[in-house]
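> Before I ask anything, here is the structure I am working with.
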Amino acid sequence: MTTTPSRGRRRAPTRIERAAGKAAALQKPRVILALLLLVALTSVMLLDGYLRSEVGGDQRVRTGAGSSEVPDDVLDGGPILTFRGGQATTVSVPDKTIALTFDDGPDPTWTPRVLEILEEYDVPATFFVLGSMVARHPDIVADMVEQGNEIGLHTFTHVDLSYQSEARVNREMQQTQLALAGAAGITTTLFRAPYSSKTDAIDDYSWQVYEQLGEQGYTSVFIDTDSEDWKRPGVSKIVAWATPEDGEGASVLFHDAGGERSQTIEALPKYIEKMRAKGYTFTTVSGAMGQQAPGAAASGAGSQAAHRPATGATLYEGKALVAAVAVAEWTVPALSVGLAVVGVAVLGRFGMMLILARRHYRQRNRRRFSWGPPVTEPVSVIVPAYNEKECIANTLDSLARSTHPIEIIVVDDGSTDGTADIAESLGLPNVRVIRQANAGKPAALNHGVRNASYDIVVMMDGDTVFEPDTVRQLVQPFADPGVGAVAGNAKVGNRDTVIGAWQHIEYVMGFNLDRRMYDLLRCMPTIPGAIGAFRRAAVLDVGGMSEDTLAEDTDITIALHRAGWRVVYQEHARAWTEAPGSLKQLWSQRYRWSYGTMQALWKHRKALTDKGPSGRFGRVGLPLVVIFQIVTPVFAPLIDVFTVYSMVFVDFRAALLAWLAVLGVQLLCAAYAFRLDREKYRYLLMMPLQQLAYRQMMYLVLIHSCVTALTGGRLRWQKLKRTGEVGTPAGPSGVG
């Protein structure tokens, strides 16, 4: 029988269709915003990693190189090397003078204690700072300068510059200057190379670096005496090793960072008292140079002469760098804690799924299990169709082979490709074709429900095929009068492509394991549109299929829970659906699913306060769906980003082993799911690649959906391109 509406007037657009134009225009910016959010977080983590480690793992330190190109007067000269007028000149620290220097800071634990001692004894010092540490602890650097101390550069990441390119050397200096500008509003002309010591240790490779920096106006500072406090040899040895020959001036090296410095803190006051008792005065490097200059008189003259006020772009870029680092310093630890919680929750969910899935399988497959008396009465199968010419014949042919008595209602939703004509031309018994103006899938389903002849209605998609026994298996749970709806077992039919195999893994592991768990917990969130059965009266009682959301299947399922009906999963009722064949179509489908689910959850948010048995979904199901289908997947991409972060900046081997361990847990869950569904394990070979590529796409889809929801966007219904390649399965084992 065919019913045709009047074609004389044009149908008014639905709410979703009215928003279609606006939604389409807004989708691209939302995709960009979603990607920008992930890029921003990734950038923050990269910045944090760059600050915390020596990028590239370059731990090389040059030793034993020749010095044939280094001038003799430099090798034999004082510890301060300048290139004024292009000529290399060394300056010595005046007699009875100590230029006290500290390397590798600032450190939040030890540097403030050093500053307290210097302030107590009224001693200035020169701190050679690492740019990465300056950016992380700008307040300490500001205190150094305010207290009258001098600042020099010690590179950004503490690499041996003699191994680095000219560009890398410049970058190390520029980044440190920016950090210094942002922290204290200054730049400096002083520099000390990591791993340097006395001038007589300069080799040909490092000499090229000093010449390069000298041409840029830098003064390179070496040492006369080394406390070697980094060895932690004991307080007395630190003091002794830092003491110059009687009466000689010296550039003296201590460390305020780079390790445990309690011996340095204890030795520093003793050293200051000892040197003052010997008649020594303390100054900065610039102070020592000033005393050597003609006409210099007072000790400490020009103590901060190396400093220059930071202005213009340097100042603002420096402040931006410090601000970005502050964000990274807060964000990365917070994300670490959050991801640890997410990781525990996800692993807990895996454990719960395995336990409950096993219990569900054993319960439903034992010989004595029964829903009640066999359900044998006829049912109505509703097939909503819109431009399904490639698939509709296969769909109806599969239904014609049903072992259970059925009537088939094809609701053609304004197709323009002759779908209805194809359905009618097949001449199959018990098939009615109802034509309606295009109104969307919910309207088509409601039209079918109103025209159904029987109390139980089965709903399926127009691109899906059933096995001969599917309908019979699907309706058996209705022997229990408390069951209002049944979810079937949707399978991917076109699984022989890479994208199809990925979706096959997702369907078996992600969807069906979940449904087993939710079934036992009595809070099934979604009856798949590809295969579901309902009591007709229950559907009508909750108002039918709603157009309020894009996930009408989730919407109706939650509504049935809240109305007091039980929703169950029937694993033996299998349907074979054609999954999207391209990444673009897959994105479109999953975006609609994800966004529609959020809409449905928001629509039924008051389920959280529902009382009695009907409130079980709100108490159990809704929180589980929000946590495990929205919150944890949103953070999941960061787990992968953290893995890469750890591989690059922390411990490659440990991070790789951790990632492989998580993959192993997921593989175990997937293998168990495949066993329960009697699927072939060979598809699991695609799982590592799925984790690297497919999963990332699903995460981006979810983030995109969240951005759309937060910005108040709406989506239109999307018709995916079908090929009709999924035919009627040969038997109960399906496509193998």
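As shown in the structure tokens, the chain order sets the letters A, B, ...; within each chain, residues go from 1, and ligands are also counted from 1 in the order they appear.
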Please provide the set of residues having any atom within 12 Å of A:Arg349, restricted to only C-alpha atoms, with same-chain residues fewer than 2 positions apart removed, written as an MDAnalysis selection string.
chainID A and resid 342:347 351:357 510 513:514 517:518 624:625 627:629 632 665:666 669
> If you keep N, CA, C and O atoms, can you produce a file of those selected residues as a tab-separated table (two decimals), in the first residue's frame?

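Final output, saved to part35.tsv:
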```
chain	number	residue	atom	x	y	z
A	342	VAL	N	42.04	10.88	35.28
A	342	VAL	CA	41.38	10.31	34.10
A	342	VAL	C	41.91	8.92	33.81
A	342	VAL	O	41.14	7.99	33.51
A	343	GLY	N	43.23	8.75	33.90
A	343	GLY	CA	43.82	7.44	33.63
A	343	GLY	C	43.31	6.37	34.58
A	343	GLY	O	42.98	5.25	34.16
A	344	VAL	N	43.23	6.71	35.87
A	344	VAL	CA	42.71	5.76	36.85
A	344	VAL	C	41.25	5.43	36.54
A	344	VAL	O	40.82	4.27	36.60
A	345	ALA	N	40.48	6.48	36.19
A	345	ALA	CA	39.06	6.26	35.87
A	345	ALA	C	38.90	5.36	34.65
A	345	ALA	O	38.04	4.46	34.64
A	346	VAL	N	39.70	5.61	33.61
A	346	VAL	CA	39.59	4.81	32.39
A	346	VAL	C	39.97	3.36	32.65
A	346	VAL	O	39.29	2.43	32.20
A	347	LEU	N	41.07	3.15	33.39
A	347	LEU	CA	41.46	1.78	33.70
A	347	LEU	C	40.42	1.10	34.57
A	347	LEU	O	40.13	-0.10	34.41
A	351	GLY	N	38.27	-2.30	33.71
A	351	GLY	CA	38.08	-3.42	34.62
A	351	GLY	C	36.62	-3.73	34.86
A	351	GLY	O	36.21	-4.90	34.86
A	352	MET	N	35.82	-2.68	35.06
A	352	MET	CA	34.39	-2.88	35.28
A	352	MET	C	33.71	-3.46	34.06
A	352	MET	O	32.85	-4.35	34.16
A	353	MET	N	34.12	-2.99	32.86
A	353	MET	CA	33.53	-3.53	31.63
A	353	MET	C	33.82	-5.01	31.48
A	353	MET	O	32.94	-5.80	31.13
A	354	LEU	N	35.07	-5.41	31.75
A	354	LEU	CA	35.43	-6.81	31.60
A	354	LEU	C	34.64	-7.69	32.57
A	354	LEU	O	34.13	-8.75	32.20
A	355	ILE	N	34.54	-7.25	33.80
A	355	ILE	CA	33.83	-8.05	34.81
A	355	ILE	C	32.35	-8.16	34.47
A	355	ILE	O	31.77	-9.26	34.46
A	356	LEU	N	31.72	-7.01	34.17
A	356	LEU	CA	30.28	-7.02	33.90
A	356	LEU	C	29.97	-7.66	32.55
A	356	LEU	O	28.93	-8.32	32.41
A	357	ALA	N	30.84	-7.49	31.56
A	357	ALA	CA	30.59	-8.12	30.26
A	357	ALA	C	30.64	-9.64	30.39
A	357	ALA	O	29.82	-10.36	29.79
A	510	GLY	N	34.01	-0.87	21.77
A	510	GLY	CA	33.49	0.34	22.40
A	510	GLY	C	32.01	0.32	22.64
A	510	GLY	O	31.53	0.75	23.69
A	513	LEU	N	30.67	-3.90	24.28
A	513	LEU	CA	31.07	-4.11	25.67
A	513	LEU	C	30.35	-3.12	26.58
A	513	LEU	O	29.91	-3.48	27.68
A	514	ASP	N	30.25	-1.88	26.12
A	514	ASP	CA	29.52	-0.88	26.89
A	514	ASP	C	28.08	-1.31	27.13
A	514	ASP	O	27.55	-1.19	28.23
A	517	MET	N	27.67	-3.86	29.78
A	517	MET	CA	27.83	-3.26	31.10
A	517	MET	C	26.59	-2.47	31.50
A	517	MET	O	26.04	-2.64	32.61
A	518	TYR	N	26.12	-1.61	30.60
A	518	TYR	CA	24.95	-0.78	30.91
A	518	TYR	C	23.69	-1.63	31.11
A	518	TYR	O	22.81	-1.28	31.91
A	624	LEU	N	27.70	8.19	34.30
A	624	LEU	CA	28.66	7.35	33.59
A	624	LEU	C	28.86	7.82	32.16
A	624	LEU	O	30.00	7.86	31.66
A	625	VAL	N	27.77	8.18	31.49
A	625	VAL	CA	27.89	8.65	30.10
A	625	VAL	C	28.67	9.96	30.05
A	625	VAL	O	29.55	10.14	29.19
A	627	ILE	N	30.87	11.11	32.20
A	627	ILE	CA	32.28	10.91	32.57
A	627	ILE	C	33.05	10.19	31.47
A	627	ILE	O	34.14	10.61	31.08
A	628	PHE	N	32.46	9.09	30.95
A	628	PHE	CA	33.22	8.22	30.06
A	628	PHE	C	32.99	8.45	28.58
A	628	PHE	O	33.74	7.94	27.75
A	629	GLN	N	31.97	9.21	28.21
A	629	GLN	CA	31.76	9.49	26.79
A	629	GLN	C	32.01	10.95	26.44
A	629	GLN	O	32.04	11.29	25.26
A	632	THR	N	36.18	12.20	29.95
A	632	THR	CA	37.46	11.52	29.76
A	632	THR	C	37.93	11.51	28.31
A	632	THR	O	39.14	11.69	28.06
A	665	VAL	N	46.47	-3.20	27.67
A	665	VAL	CA	45.19	-3.30	28.39
A	665	VAL	C	44.02	-3.17	27.41
A	665	VAL	O	43.04	-3.94	27.46
A	666	GLN	N	44.13	-2.19	26.51
A	666	GLN	CA	43.06	-2.01	25.53
A	666	GLN	C	42.96	-3.21	24.60
A	666	GLN	O	41.85	-3.63	24.23
A	669	CYS	N	41.12	-5.96	26.39
A	669	CYS	CA	39.67	-5.72	26.40
A	669	CYS	C	39.07	-6.01	25.02
A	669	CYS	O	38.00	-6.62	24.92
```
> Excluding A:His137 and residues on its chain fewer than 3 positions from it, collect all residues at most 9 Å away from it, counting only C-alpha atoms, and give them as a VMD selection string.
chain A and resid 106 to 108 132 to 134 140 to 141 183 322 326
> Distance atom CA of A:Leu46-atom CA of A:Leu130, one decimal place?
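Atom-to-atom, atom CA of A:Leu46 to atom CA of A:Leu130, that is 17.9 Å.
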> How many Å lie between atom CA of A:Lys389 and atom CA of A:Ser402, rounded to one decimal?
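Value for the atom CA of A:Lys389-atom CA of A:Ser402 distance: 21.5 Å.
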> Return the single residue from A:Ala201, A:Ala179, A:Ala607, A:Val567 that is closest to A:Thr63, with distances computed using only C-alpha atoms.
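Residue with the minimum atom-to-atom distance to A:Thr63: A:Ala201.
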> Check stretch 164-318 of chain A with DSSP on the backbone and list each residue it calls strand (DSSP E), as a list in words.
Ile186, Thr187, Thr188, Leu190, Phe191, Thr219, Ser220, Val221, Thr225, Asp226, Ala250, Ser251, Val252, Leu253, Phe254, His255, Thr281, Phe282, Thr283, His307, Arg308 and Pro309 of chain A
> Quote the spacing between atom CA of A:Ile434 and atom CA of A:Pro405 in Å to one decimal place.
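Distance reported for this atom pair: 20.2 Å.
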> Can you list every residue in stretch 107-185 of chain A that DSSP puts in helix (DSSP H, G or I), as a count of residues only?
48
> Find the spatial neighbours of A:Val465, counting only C-alpha atoms, within a cut-off of 10 Å - ignore same-chain residues fewer than 6 positions away - and output them as a list in words.
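Those residues are Cys391, Ile392, Ala393, Asn394, Thr395, Leu396, Asp397, Ser398, Leu399, Ala490, Lys491, Gly493, Ala530, Ile531, Arg574, Ala575, Trp576, Thr577, Glu578, Val726, Gly727, Thr728 and Pro729 of chain A.
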> Set the distance at 9 Å and use only C-alpha atoms: which residues neighbour A:Val129 once local chain neighbours fewer than 6 positions away are removed? I'd like the list as number ranges by chain.
A: 102-106, 141, 151-156, 176, 180
> Leaving out A:Gln570 and any residue of its chain fewer than 5 positions from it, which residues lie within 8 Å of it when counting only C-alpha atoms, given as an MDAnalysis selection string?
chainID A and resid 473:474 477 486:489
> For those residues, write N, CA, C and O atoms to a file as a PDB file, in the first residue's frame.

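The file below, out.pdb, is the result:
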```
ATOM      1  N   GLN A 473      15.109 -12.941  17.416  1.00  0.00           N
ATOM      2  CA  GLN A 473      15.964 -12.765  18.588  1.00  0.00           C
ATOM      3  C   GLN A 473      15.704 -11.418  19.272  1.00  0.00           C
ATOM      4  O   GLN A 473      15.684 -11.320  20.501  1.00  0.00           O
ATOM      5  N   LEU A 474      15.495 -10.394  18.459  1.00  0.00           N
ATOM      6  CA  LEU A 474      15.365  -9.035  18.991  1.00  0.00           C
ATOM      7  C   LEU A 474      14.132  -8.862  19.856  1.00  0.00           C
ATOM      8  O   LEU A 474      14.156  -8.111  20.843  1.00  0.00           O
ATOM      9  N   PRO A 477      13.026 -10.463  24.382  1.00  0.00           N
ATOM     10  CA  PRO A 477      12.979  -9.829  25.713  1.00  0.00           C
ATOM     11  C   PRO A 477      11.625  -9.216  26.066  1.00  0.00           C
ATOM     12  O   PRO A 477      11.365  -8.959  27.250  1.00  0.00           O
ATOM     13  N   VAL A 486      14.537  -2.726  23.275  1.00  0.00           N
ATOM     14  CA  VAL A 486      15.656  -3.664  23.165  1.00  0.00           C
ATOM     15  C   VAL A 486      16.666  -3.121  22.155  1.00  0.00           C
ATOM     16  O   VAL A 486      16.296  -2.724  21.040  1.00  0.00           O
ATOM     17  N   ALA A 487      17.948  -3.104  22.550  1.00  0.00           N
ATOM     18  CA  ALA A 487      19.028  -2.709  21.646  1.00  0.00           C
ATOM     19  C   ALA A 487      19.631  -3.957  21.031  1.00  0.00           C
ATOM     20  O   ALA A 487      19.925  -4.929  21.733  1.00  0.00           O
ATOM     21  N   GLY A 488      19.804  -3.943  19.713  1.00  0.00           N
ATOM     22  CA  GLY A 488      20.419  -5.066  19.036  1.00  0.00           C
ATOM     23  C   GLY A 488      21.915  -4.894  18.899  1.00  0.00           C
ATOM     24  O   GLY A 488      22.507  -3.916  19.371  1.00  0.00           O
ATOM     25  N   ASN A 489      22.540  -5.840  18.241  1.00  0.00           N
ATOM     26  CA  ASN A 489      23.987  -5.891  18.078  1.00  0.00           C
ATOM     27  C   ASN A 489      24.343  -5.412  16.668  1.00  0.00           C
ATOM     28  O   ASN A 489      24.254  -6.169  15.703  1.00  0.00           O
TER      29      ASN A 489
END
```
> Counting only C-alpha atoms, figure out which residue out of A:Gly500, A:Gly427, A:Gly64, A:Gly448 gets nearest to A:Val539.
A:Gly448
> Show me a table, sorted first by chain and then by increasing residue number, of the residues of stretch 390-499 of chain A having an atom at most 12 Å from stretch 554-562 of chain A, each with its shortest atom pair and the distance in Å to one decimal, counting only C-alpha atoms and written as a Markdown table.

```
| residue | atom | partner | partner_atom | distance |
| --- | --- | --- | --- | --- |
| A:Pro442 | CA | A:Ile556 | CA | 10.2 |
| A:Leu445 | CA | A:Ile556 | CA | 11.6 |
| A:Asn446 | CA | A:Ile556 | CA | 11.6 |
| A:Gly482 | CA | A:His561 | CA | 11.0 |
| A:Val483 | CA | A:Leu560 | CA | 9.8 |
| A:Gly484 | CA | A:Leu560 | CA | 7.1 |
| A:Ala485 | CA | A:Thr557 | CA | 7.8 |
| A:Val486 | CA | A:Thr557 | CA | 9.6 |
| A:Ala487 | CA | A:Thr557 | CA | 9.6 |
```
> Out of A:Asp469, A:Glu215, A:Asp200, A:Asp461, which residue has the shortest atom-to-atom distance to A:Thr82 when counting only C-alpha atoms?
A:Glu215
> Compare A:Gly348, A:Gly440, A:Gly312, A:Gly372 by their minimum atom-to-atom distance to A:Ala385, counting only C-alpha atoms, and give me the closest one.
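Checking each of A:Gly348, A:Gly440, A:Gly312, A:Gly372 against A:Ala385, counting only C-alpha atoms, the winner is A:Gly440.
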> For A:Leu253, which residue out of A:Arg362, A:Gln177, A:Pro384, A:Ala99 is the nearest one, using only C-alpha atoms?
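Ranked by minimum distance to A:Leu253, first place goes to A:Ala99.
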